[in-house]
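Structure below is upload-v4.pdb: PDB, C-alpha atoms and all ligand atoms.
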ATOM      1  CA  MET A   1      14.740 -39.225   4.660
ATOM      2  CA  GLU A   2      16.526 -38.516   1.391
ATOM      3  CA  LEU A   3      15.847 -38.612  -2.325
ATOM      4  CA  ILE A   4      18.860 -39.693  -4.332
ATOM      5  CA  ILE A   5      18.887 -39.240  -8.097
ATOM      6  CA  LYS A   6      21.763 -40.794 -10.010
ATOM      7  CA  ASN A   7      22.769 -40.363 -13.645
ATOM      8  CA  LEU A   8      19.235 -39.780 -14.897
ATOM      9  CA  SER A   9      18.796 -39.162 -18.631
ATOM     10  CA  LYS A  10      15.768 -38.785 -20.872
ATOM     11  CA  THR A  11      15.533 -38.115 -24.590
ATOM     12  CA  TYR A  12      12.057 -37.554 -26.045
ATOM     13  CA  SER A  13      11.070 -39.250 -29.291
ATOM     14  CA  ASN A  14      11.546 -35.945 -31.161
ATOM     15  CA  GLY A  15      15.234 -36.047 -30.202
ATOM     16  CA  VAL A  16      15.117 -33.418 -27.402
ATOM     17  CA  LYS A  17      17.476 -34.429 -24.591
ATOM     18  CA  ALA A  18      15.452 -33.120 -21.642
ATOM     19  CA  LEU A  19      17.603 -34.713 -18.919
ATOM     20  CA  ASN A  20      21.309 -35.241 -19.426
ATOM     21  CA  ASP A  21      22.975 -37.299 -16.696
ATOM     22  CA  ILE A  22      21.271 -35.614 -13.724
ATOM     23  CA  SER A  23      22.554 -36.519 -10.247
ATOM     24  CA  LEU A  24      21.123 -34.829  -7.139
ATOM     25  CA  THR A  25      20.784 -35.588  -3.446
ATOM     26  CA  ILE A  26      17.688 -33.994  -1.947
ATOM     27  CA  PRO A  27      17.409 -33.922   1.862
ATOM     28  CA  GLN A  28      14.396 -33.184   4.066
ATOM     29  CA  GLY A  29      13.173 -29.576   3.858
ATOM     30  CA  MET A  30      12.506 -27.269   0.950
ATOM     31  CA  PHE A  31      14.567 -27.909  -2.159
ATOM     32  CA  GLY A  32      14.466 -25.372  -4.983
ATOM     33  CA  LEU A  33      14.942 -26.583  -8.536
ATOM     34  CA  LEU A  34      15.680 -23.479 -10.523
ATOM     35  CA  GLY A  35      16.037 -23.210 -14.291
ATOM     36  CA  PRO A  36      14.757 -21.323 -17.323
ATOM     37  CA  ASN A  37      11.807 -22.552 -19.367
ATOM     38  CA  GLY A  38      12.731 -25.719 -21.192
ATOM     39  CA  ALA A  39      15.502 -26.622 -18.694
ATOM     40  CA  GLY A  40      13.954 -30.023 -17.954
ATOM     41  CA  LYS A  41      12.350 -29.235 -14.592
ATOM     42  CA  SER A  42       8.903 -30.664 -15.383
ATOM     43  CA  THR A  43      10.430 -33.739 -16.980
ATOM     44  CA  LEU A  44      12.408 -34.355 -13.799
ATOM     45  CA  MET A  45       9.375 -33.662 -11.570
ATOM     46  CA  ARG A  46       7.149 -35.998 -13.563
ATOM     47  CA  THR A  47       9.809 -38.706 -13.479
ATOM     48  CA  ILE A  48      10.161 -38.439  -9.685
ATOM     49  CA  ALA A  49       6.345 -38.440  -9.431
ATOM     50  CA  THR A  50       6.334 -41.776 -11.359
ATOM     51  CA  LEU A  51       4.298 -40.277 -14.216
ATOM     52  CA  GLN A  52       6.928 -40.953 -16.839
ATOM     53  CA  ASP A  53      10.025 -43.085 -17.251
ATOM     54  CA  ALA A  54      13.646 -42.119 -17.721
ATOM     55  CA  ASP A  55      15.860 -43.852 -20.293
ATOM     56  CA  ILE A  56      18.611 -44.558 -17.810
ATOM     57  CA  GLY A  57      19.573 -43.802 -14.207
ATOM     58  CA  SER A  58      18.068 -44.383 -10.785
ATOM     59  CA  ILE A  59      15.996 -42.594  -8.152
ATOM     60  CA  PHE A  60      15.771 -43.803  -4.555
ATOM     61  CA  LEU A  61      13.535 -42.432  -1.802
ATOM     62  CA  ASP A  62      15.438 -43.915   1.116
ATOM     63  CA  ASP A  63      15.311 -47.623   0.189
ATOM     64  CA  ILE A  64      12.389 -47.360  -2.259
ATOM     65  CA  ASN A  65      13.392 -47.745  -5.884
ATOM     66  CA  VAL A  66      11.213 -44.972  -7.344
ATOM     67  CA  LEU A  67      11.440 -46.055 -10.974
ATOM     68  CA  GLU A  68      10.469 -49.653 -10.180
ATOM     69  CA  ASP A  69       8.285 -49.588  -7.082
ATOM     70  CA  LYS A  70       5.900 -46.887  -8.300
ATOM     71  CA  GLN A  71       3.030 -47.841  -6.030
ATOM     72  CA  SER A  72       5.100 -47.349  -2.862
ATOM     73  CA  VAL A  73       6.143 -43.910  -4.094
ATOM     74  CA  ARG A  74       2.578 -42.912  -4.957
ATOM     75  CA  GLU A  75       1.455 -43.798  -1.437
ATOM     76  CA  ARG A  76       4.010 -41.337  -0.048
ATOM     77  CA  LEU A  77       3.712 -38.636  -2.693
ATOM     78  CA  GLY A  78       1.850 -35.340  -2.881
ATOM     79  CA  TYR A  79       2.002 -33.687  -6.295
ATOM     80  CA  LEU A  80       0.908 -30.275  -7.473
ATOM     81  CA  PRO A  81       1.465 -30.276 -11.233
ATOM     82  CA  GLN A  82       2.022 -27.208 -13.384
ATOM     83  CA  ASP A  83      -1.311 -27.442 -15.153
ATOM     84  CA  PHE A  84      -3.676 -28.294 -12.416
ATOM     85  CA  GLY A  85      -7.103 -29.024 -13.898
ATOM     86  CA  LEU A  86     -10.126 -28.384 -11.687
ATOM     87  CA  TYR A  87     -13.774 -29.155 -12.193
ATOM     88  CA  PRO A  88     -15.200 -25.609 -12.175
ATOM     89  CA  ARG A  89     -18.689 -26.413 -10.836
ATOM     90  CA  ILE A  90     -17.653 -28.708  -8.002
ATOM     91  CA  ASN A  91     -17.092 -27.035  -4.652
ATOM     92  CA  ALA A  92     -13.796 -27.271  -2.796
ATOM     93  CA  GLU A  93     -15.083 -29.480  -0.002
ATOM     94  CA  THR A  94     -16.713 -32.057  -2.309
ATOM     95  CA  MET A  95     -13.650 -32.191  -4.571
ATOM     96  CA  LEU A  96     -11.260 -32.707  -1.688
ATOM     97  CA  ASP A  97     -13.512 -35.394  -0.226
ATOM     98  CA  HIS A  98     -13.485 -37.127  -3.598
ATOM     99  CA  ILE A  99      -9.683 -36.950  -3.840
ATOM    100  CA  ALA A 100      -9.343 -38.333  -0.310
ATOM    101  CA  GLN A 101     -11.633 -41.219  -1.264
ATOM    102  CA  MET A 102      -9.516 -41.921  -4.355
ATOM    103  CA  LYS A 103      -6.380 -41.895  -2.213
ATOM    104  CA  GLY A 104      -7.910 -44.714  -0.177
ATOM    105  CA  ILE A 105      -9.443 -42.985   2.845
ATOM    106  CA  GLY A 106     -12.653 -45.038   2.950
ATOM    107  CA  ASN A 107     -14.060 -43.990   6.327
ATOM    108  CA  LYS A 108     -16.540 -41.161   5.796
ATOM    109  CA  SER A 109     -16.189 -39.412   9.148
ATOM    110  CA  GLU A 110     -12.389 -39.678   9.028
ATOM    111  CA  ARG A 111     -12.536 -38.081   5.574
ATOM    112  CA  LYS A 112     -14.813 -35.289   6.749
ATOM    113  CA  GLU A 113     -12.419 -34.430   9.549
ATOM    114  CA  LEU A 114      -9.403 -34.557   7.236
ATOM    115  CA  VAL A 115     -11.049 -32.376   4.564
ATOM    116  CA  ALA A 116     -12.023 -29.763   7.147
ATOM    117  CA  SER A 117      -8.553 -29.663   8.683
ATOM    118  CA  LEU A 118      -6.838 -29.384   5.283
ATOM    119  CA  LEU A 119      -9.176 -26.596   4.170
ATOM    120  CA  GLN A 120      -8.399 -24.781   7.399
ATOM    121  CA  LYS A 121      -4.676 -25.278   6.921
ATOM    122  CA  VAL A 122      -4.720 -23.655   3.482
ATOM    123  CA  ASN A 123      -7.141 -20.972   4.647
ATOM    124  CA  LEU A 124     -10.012 -22.024   2.366
ATOM    125  CA  PHE A 125     -12.462 -23.279   4.957
ATOM    126  CA  LYS A 126     -14.738 -20.282   4.588
ATOM    127  CA  ASP A 127     -14.708 -20.823   0.799
ATOM    128  CA  ARG A 128     -15.413 -24.562   1.000
ATOM    129  CA  LYS A 129     -18.871 -24.316  -0.617
ATOM    130  CA  LYS A 130     -17.681 -22.190  -3.538
ATOM    131  CA  GLY A 131     -17.250 -23.699  -6.990
ATOM    132  CA  LEU A 132     -13.587 -24.215  -7.887
ATOM    133  CA  GLY A 133     -14.172 -22.223 -11.073
ATOM    134  CA  THR A 134     -14.714 -19.079  -8.990
ATOM    135  CA  PHE A 135     -11.315 -19.368  -7.227
ATOM    136  CA  SER A 136      -8.513 -16.839  -7.825
ATOM    137  CA  GLY A 137      -5.069 -18.069  -8.903
ATOM    138  CA  GLY A 138      -3.818 -18.021  -5.316
ATOM    139  CA  MET A 139      -6.856 -19.904  -4.031
ATOM    140  CA  ARG A 140      -6.411 -22.522  -6.743
ATOM    141  CA  GLN A 141      -2.797 -23.057  -5.757
ATOM    142  CA  ARG A 142      -3.702 -23.304  -2.073
ATOM    143  CA  PHE A 143      -6.383 -25.831  -2.974
ATOM    144  CA  GLY A 144      -3.691 -27.655  -4.978
ATOM    145  CA  ILE A 145      -1.560 -27.885  -1.849
ATOM    146  CA  ALA A 146      -4.529 -29.179   0.172
ATOM    147  CA  GLN A 147      -5.089 -32.007  -2.317
ATOM    148  CA  ALA A 148      -1.352 -32.757  -2.409
ATOM    149  CA  LEU A 149      -1.352 -33.128   1.387
ATOM    150  CA  VAL A 150      -4.067 -35.804   1.480
ATOM    151  CA  GLY A 151      -2.549 -39.015   2.843
ATOM    152  CA  ASN A 152       0.255 -37.294   4.795
ATOM    153  CA  PRO A 153       2.920 -37.520   2.070
ATOM    154  CA  SER A 154       6.615 -37.639   2.906
ATOM    155  CA  LEU A 155       7.558 -36.333  -0.549
ATOM    156  CA  ILE A 156       5.816 -33.296  -2.019
ATOM    157  CA  ILE A 157       6.454 -31.978  -5.503
ATOM    158  CA  VAL A 158       5.225 -28.570  -6.581
ATOM    159  CA  ASP A 159       5.859 -27.552 -10.178
ATOM    160  CA  GLU A 160       6.015 -23.783 -10.897
ATOM    161  CA  PRO A 161       3.482 -22.969  -8.171
ATOM    162  CA  THR A 162       3.811 -19.189  -7.981
ATOM    163  CA  ALA A 163       3.619 -18.302 -11.681
ATOM    164  CA  GLY A 164       0.712 -15.910 -12.146
ATOM    165  CA  LEU A 165       0.167 -15.148  -8.446
ATOM    166  CA  ASP A 166       0.007 -11.525  -7.275
ATOM    167  CA  PRO A 167       2.479 -10.501  -4.527
ATOM    168  CA  SER A 168       0.099 -10.987  -1.589
ATOM    169  CA  GLU A 169      -1.105 -14.367  -2.881
ATOM    170  CA  ARG A 170       2.503 -15.353  -3.405
ATOM    171  CA  ASN A 171       3.353 -14.418   0.166
ATOM    172  CA  ARG A 172       0.495 -16.439   1.565
ATOM    173  CA  PHE A 173       1.574 -19.382  -0.576
ATOM    174  CA  TYR A 174       5.192 -19.030   0.655
ATOM    175  CA  ASN A 175       4.029 -19.134   4.277
ATOM    176  CA  LEU A 176       2.004 -22.249   3.631
ATOM    177  CA  LEU A 177       4.854 -24.035   1.868
ATOM    178  CA  SER A 178       7.421 -23.204   4.529
ATOM    179  CA  GLU A 179       5.154 -24.669   7.221
ATOM    180  CA  ILE A 180       4.895 -27.918   5.285
ATOM    181  CA  GLY A 181       8.610 -28.061   4.505
ATOM    182  CA  GLU A 182       9.624 -28.799   8.059
ATOM    183  CA  ASN A 183       8.917 -32.539   8.198
ATOM    184  CA  THR A 184       8.949 -33.638   4.565
ATOM    185  CA  ILE A 185      10.939 -33.384   1.368
ATOM    186  CA  VAL A 186       9.389 -30.596  -0.672
ATOM    187  CA  ILE A 187      10.730 -30.093  -4.185
ATOM    188  CA  LEU A 188       9.790 -26.747  -5.611
ATOM    189  CA  SER A 189      10.412 -26.318  -9.307
ATOM    190  CA  THR A 190      10.472 -22.716 -10.456
ATOM    191  CA  HIS A 191      12.033 -20.175 -12.800
ATOM    192  CA  ILE A 192      11.516 -17.468 -10.154
ATOM    193  CA  VAL A 193      14.702 -16.871  -8.157
ATOM    194  CA  GLU A 194      12.795 -15.130  -5.365
ATOM    195  CA  ASP A 195      10.859 -18.361  -4.651
ATOM    196  CA  VAL A 196      14.093 -20.180  -3.872
ATOM    197  CA  ASN A 197      15.617 -17.240  -2.035
ATOM    198  CA  THR A 198      12.656 -17.000   0.314
ATOM    199  CA  LEU A 199      11.967 -20.657   0.920
ATOM    200  CA  CYS A 200      14.713 -23.113   0.197
ATOM    201  CA  SER A 201      17.551 -24.432   2.318
ATOM    202  CA  ASN A 202      18.975 -26.405  -0.597
ATOM    203  CA  MET A 203      18.828 -25.848  -4.315
ATOM    204  CA  ALA A 204      19.994 -26.799  -7.769
ATOM    205  CA  ILE A 205      20.226 -24.806 -10.967
ATOM    206  CA  ILE A 206      19.517 -26.793 -14.105
ATOM    207  CA  CYS A 207      19.701 -25.771 -17.741
ATOM    208  CA  GLN A 208      19.437 -27.805 -20.937
ATOM    209  CA  GLY A 209      18.928 -30.939 -18.873
ATOM    210  CA  GLU A 210      22.146 -30.539 -16.875
ATOM    211  CA  VAL A 211      22.846 -29.646 -13.245
ATOM    212  CA  LEU A 212      24.949 -26.475 -13.217
ATOM    213  CA  MET A 213      24.980 -25.906  -9.449
ATOM    214  CA  HIS A 214      23.835 -27.967  -6.478
ATOM    215  CA  GLY A 215      24.079 -26.962  -2.825
ATOM    216  CA  LYS A 216      22.912 -24.343  -0.358
ATOM    217  CA  PRO A 217      21.984 -20.872  -1.618
ATOM    218  CA  LYS A 218      24.805 -19.458   0.516
ATOM    219  CA  ASP A 219      27.324 -21.762  -1.200
ATOM    220  CA  GLY A 220      26.168 -20.384  -4.538
ATOM    221  CA  LEU A 221      26.503 -16.842  -3.219
ATOM    222  CA  ALA A 222      30.030 -17.528  -1.996
ATOM    223  CA  MET A 223      31.008 -18.585  -5.520
ATOM    224  CA  VAL A 224      30.177 -15.196  -7.071
ATOM    225  CA  GLN A 225      30.677 -12.847  -4.101
ATOM    226  CA  GLY A 226      33.120 -10.032  -4.930
ATOM    227  CA  LYS A 227      32.792 -10.654  -8.671
ATOM    228  CA  ILE A 228      29.570  -8.749  -9.424
ATOM    229  CA  PHE A 229      29.690  -5.169 -10.697
ATOM    230  CA  LYS A 230      26.987  -2.862 -11.949
ATOM    231  CA  LYS A 231      26.688   0.211 -14.122
ATOM    232  CA  ALA A 232      23.870   2.213 -15.703
ATOM    233  CA  ILE A 233      24.369   2.585 -19.450
ATOM    234  CA  ASP A 234      22.443   3.784 -22.443
ATOM    235  CA  LYS A 235      20.474   1.079 -24.256
ATOM    236  CA  SER A 236      22.421   1.755 -27.453
ATOM    237  CA  GLU A 237      25.700   0.830 -25.711
ATOM    238  CA  LEU A 238      24.612  -2.687 -24.757
ATOM    239  CA  ASP A 239      26.150  -4.522 -27.715
ATOM    240  CA  GLN A 240      29.573  -3.003 -27.077
ATOM    241  CA  TYR A 241      29.426  -3.837 -23.367
ATOM    242  CA  ARG A 242      28.436  -7.390 -24.174
ATOM    243  CA  LYS A 243      31.534  -7.698 -26.348
ATOM    244  CA  ASP A 244      33.831  -6.270 -23.668
ATOM    245  CA  PHE A 245      32.409  -7.792 -20.475
ATOM    246  CA  HIS A 246      30.647 -10.902 -19.195
ATOM    247  CA  VAL A 247      27.164  -9.387 -18.885
ATOM    248  CA  ILE A 248      24.940 -11.595 -16.719
ATOM    249  CA  SER A 249      21.768  -9.491 -16.494
ATOM    250  CA  THR A 250      20.166  -6.227 -17.528
ATOM    251  CA  LYS A 251      17.263  -4.285 -16.085
ATOM    252  CA  LEU A 252      15.611  -1.181 -17.481
ATOM    253  CA  ILE A 253      15.386   1.426 -14.718
ATOM    254  CA  GLU A 254      13.966   4.861 -15.549
ATOM    255  CA  GLY A 255      15.022   4.680 -19.176
ATOM    256  CA  LYS A 256      18.588   3.587 -18.397
ATOM    257  CA  LEU A 257      19.859   0.041 -18.619
ATOM    258  CA  SER A 258      21.268  -1.252 -15.345
ATOM    259  CA  LEU A 259      23.917  -3.750 -16.314
ATOM    260  CA  ARG A 260      25.357  -6.430 -14.048
ATOM    261  CA  ILE A 261      28.577  -8.124 -15.044
ATOM    262  CA  GLU A 262      30.742 -10.848 -13.553
ATOM    263  CA  SER A 263      34.454 -10.209 -13.445
ATOM    264  CA  GLU A 264      37.377 -11.798 -11.584
ATOM    265  CA  THR A 265      39.193  -8.448 -11.577
ATOM    266  CA  GLU A 266      38.161  -4.826 -11.033
ATOM    267  CA  PRO A 267      36.619  -3.868 -14.419
ATOM    268  CA  GLY A 268      37.163  -0.075 -14.101
ATOM    269  CA  ASN A 269      35.129   1.810 -16.714
ATOM    270  CA  GLY A 270      32.792   3.312 -14.096
ATOM    271  CA  PHE A 271      31.570  -0.083 -12.831
ATOM    272  CA  GLU A 272      30.683  -0.280  -9.142
ATOM    273  CA  ALA A 273      31.167  -3.401  -6.987
ATOM    274  CA  VAL A 274      27.874  -4.699  -5.529
ATOM    275  CA  PRO A 275      27.021  -7.481  -3.061
ATOM    276  CA  ALA A 276      25.912 -10.570  -4.988
ATOM    277  CA  ASP A 277      22.353 -11.866  -4.629
ATOM    278  CA  LEU A 278      20.839 -15.206  -5.630
ATOM    279  CA  GLU A 279      19.727 -13.793  -8.967
ATOM    280  CA  ASP A 280      23.407 -13.113  -9.761
ATOM    281  CA  VAL A 281      24.221 -16.722  -8.862
ATOM    282  CA  TYR A 282      21.448 -17.920 -11.159
ATOM    283  CA  PHE A 283      22.469 -15.748 -14.110
ATOM    284  CA  SER A 284      26.148 -16.438 -13.564
ATOM    285  CA  PHE A 285      25.602 -20.176 -13.975
ATOM    286  CA  ILE A 286      22.962 -19.916 -16.693
ATOM    287  CA  SER A 287      25.120 -17.542 -18.741
ATOM    288  CA  ARG A 288      27.826 -20.181 -18.982
ATOM    289  CA  LYS A 289      25.323 -22.334 -20.904
ATOM    290  CA  VAL A 290      23.017 -19.943 -22.775
ATOM    291  CA  ASP A 291      22.834 -16.212 -23.533
ATOM    292  CA  PRO A 292      21.076 -14.818 -20.436
ATOM    293  CA  ILE A 293      19.835 -11.728 -22.258
ATOM    294  CA  THR A 294      17.739 -13.772 -24.653
ATOM    295  CA  ILE A 295      16.057 -16.157 -22.175
TER     296      ILE A 295
HETATM  297  P1  LIG B 301      10.812 -27.003 -17.958
HETATM  298  O1  LIG B 301       9.810 -27.625 -17.035
HETATM  299  O2  LIG B 301      12.110 -26.674 -17.280
HETATM  300  O3  LIG B 301      10.253 -25.824 -18.717
HETATM  301  P2  LIG B 301      10.444 -29.379 -19.593
HETATM  302  O4  LIG B 301      10.844 -30.580 -18.815
HETATM  303  O5  LIG B 301       8.998 -29.084 -19.742
HETATM  304  O6  LIG B 301      11.232 -28.100 -19.049
HETATM  305  O7  LIG B 301      11.059 -29.515 -21.063
HETATM  306  C1  LIG B 301      12.433 -29.836 -21.327
HETATM  307  C2  LIG B 301      12.604 -29.964 -22.825
HETATM  308  O8  LIG B 301      11.910 -31.117 -23.283
HETATM  309  C3  LIG B 301      12.042 -28.792 -23.623
HETATM  310  O9  LIG B 301      12.879 -28.579 -24.739
HETATM  311  C4  LIG B 301      10.686 -29.284 -24.060
HETATM  312  O10 LIG B 301      10.277 -28.662 -25.270
HETATM  313  C5  LIG B 301      10.938 -30.775 -24.249
HETATM  314  N1  LIG B 301       9.738 -31.598 -23.977
HETATM  315  C6  LIG B 301       9.011 -31.625 -22.832
HETATM  316  N2  LIG B 301       8.015 -32.536 -22.919
HETATM  317  C7  LIG B 301       8.122 -33.105 -24.134
HETATM  318  C8  LIG B 301       7.403 -34.131 -24.818
HETATM  319  N3  LIG B 301       6.372 -34.771 -24.252
HETATM  320  N4  LIG B 301       7.788 -34.466 -26.079
HETATM  321  C9  LIG B 301       8.843 -33.839 -26.644
HETATM  322  N5  LIG B 301       9.584 -32.877 -26.068
HETATM  323  C10 LIG B 301       9.232 -32.507 -24.818
END

Once you've parsed the file, please lay out its structure as structure tokens.
Ligand code: ADP
Amino acid sequence: MELIIKNLSKTYSNGVKALNDISLTIPQGMFGLLGPNGAGKSTLMRTIATLQDADIGSIFLDDINVLEDKQSVRERLGYLPQDFGLYPRINAETMLDHIAQMKGIGNKSERKELVASLLQKVNLFKDRKKGLGTFSGGMRQRFGIAQALVGNPSLIIVDEPTAGLDPSERNRFYNLLSEIGENTIVILSTHIVEDVNTLCSNMAIICQGEVLMHGKPKDGLAMVQGKIFKKAIDKSELDQYRKDFHVISTKLIEGKLSLRIESETEPGNGFEAVPADLEDVYFSFISRKVDPITI
């Protein structure tokens, strides 16, 4: 199974070009779509999920024309949107049963079995009688995955799923997603590099509606390996360093600014060569488009 996106563009009525000639091939497994806020990730996710149209371009899920045969896509799709509204007083079990009914599972006992197995899968079975309004962020997201899995989808889209989760909730969510990723296409849209690093076998970096990098995380790493250097400087020196070097990221550590730069040659000046990580790949590509310090 494969999702093939070709030359997709979308300009909103206010003139914002959210997608600018996007082409991507997304194979089975976990695919990370990484980009800063406003990059166009949600627009792309909603377009693939058949919730909005593009101006031009095509999307095929194997031989299904996604932009034309929306019903066929919806039958195969599980979607966890960014803003996932829940009815606070309804309990998890009743809500999931209702969603399963809406997705066409008419047989009551079949539904009961499905709801129980999904709640077990996302580790919410013991909380099934609790109102959704009482759920923590992590529980909400796990419930979101349960509802996305109704109907055994072959394409699952999760939009910014780990924003706002604490580290242990995030870990539990990662484990759940990686289990699902084995037999389906899972597209994970995120601005958190660690999400992609932990989970994804393939990825793309998008910014201002354009694909900047597309491939395996290790291919991205190979592109910047040997070119990343770091140095701790005083905050007041930042402007000068930004003039002299290609600064890709800064982090404040114990009052000092830890600077990472990209350079084809040994920069001298007290800089130390460091092994590149996926965050360097991300900032290296993003910094070619926008100022990474201000995003
Ligand atoms: P991301 O999910 O990466 O944050 P979005 O797809 O939400 O990016 O947004 C891409 C760009 O399109 C942003 O500049 C955003 O402000 C704009 N945008 C998104 N939705 C709309 C809309 N319905 N009308 C007008 N502009 C929009």

Within 8 Å of range 82-85 of chain A, counting all atoms listed in the file, which residues show up once you throw out same-chain ones fewer than 2 positions away? Write them as a PDB file with C-alpha atoms, in the frame of the given file, please.
ATOM      1  CA  SER A  42       8.903 -30.664 -15.383  1.00  0.00           C
ATOM      2  CA  LEU A  80       0.908 -30.275  -7.473  1.00  0.00           C
ATOM      3  CA  TYR A  87     -13.774 -29.155 -12.193  1.00  0.00           C
ATOM      4  CA  GLY A 144      -3.691 -27.655  -4.978  1.00  0.00           C
ATOM      5  CA  VAL A 158       5.225 -28.570  -6.581  1.00  0.00           C
ATOM      6  CA  ASP A 159       5.859 -27.552 -10.178  1.00  0.00           C
ATOM      7  CA  GLU A 160       6.015 -23.783 -10.897  1.00  0.00           C
ATOM      8  CA  PRO A 161       3.482 -22.969  -8.171  1.00  0.00           C
TER       9      PRO A 161
END

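Using only C-alpha atoms and all ligand atoms, the nearest neighbour of ligand LIG 301 (chain B) within the list A:Leu44, A:Met213, A:Ala116, A:Ala92 is A:Leu44.
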
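Each of A:Gln52, A:Asn197, A:Ser249, A:Ser258 was compared to ligand LIG 301 (chain B) using only C-alpha atoms and all ligand atoms, and A:Gln52 turns out to be the nearest.
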
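Nearest-residue note for Tyr241 in chain A: choosing from A:Lys289, A:Arg128, A:Lys112, A:Arg260, the minimum distance belongs to A:Arg260, counting all atoms listed in the file.
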
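Nearest residue to Gly29 in chain A, choosing from A:Gly57, A:Gly181, A:Pro217, A:Pro153 and counting all atoms listed in the file: A:Gly181.
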
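The space separating CA of Gln147 in chain A from atom O10 of ligand LIG 301 (chain B) comes to 27.8 Å.
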
Subject >> Expected answer as a PyMOL selection string: residues within 7 Å of ligand LIG 301 (chain B), only C-alpha atoms and all ligand atoms >> reply: chain A and resi 12-14+16-18+35-44

Original post:
Hey, can you check how far CA of Ile157 in chain A sits from CA of Ser109 in chain A?
Top reply: 28.0 Å
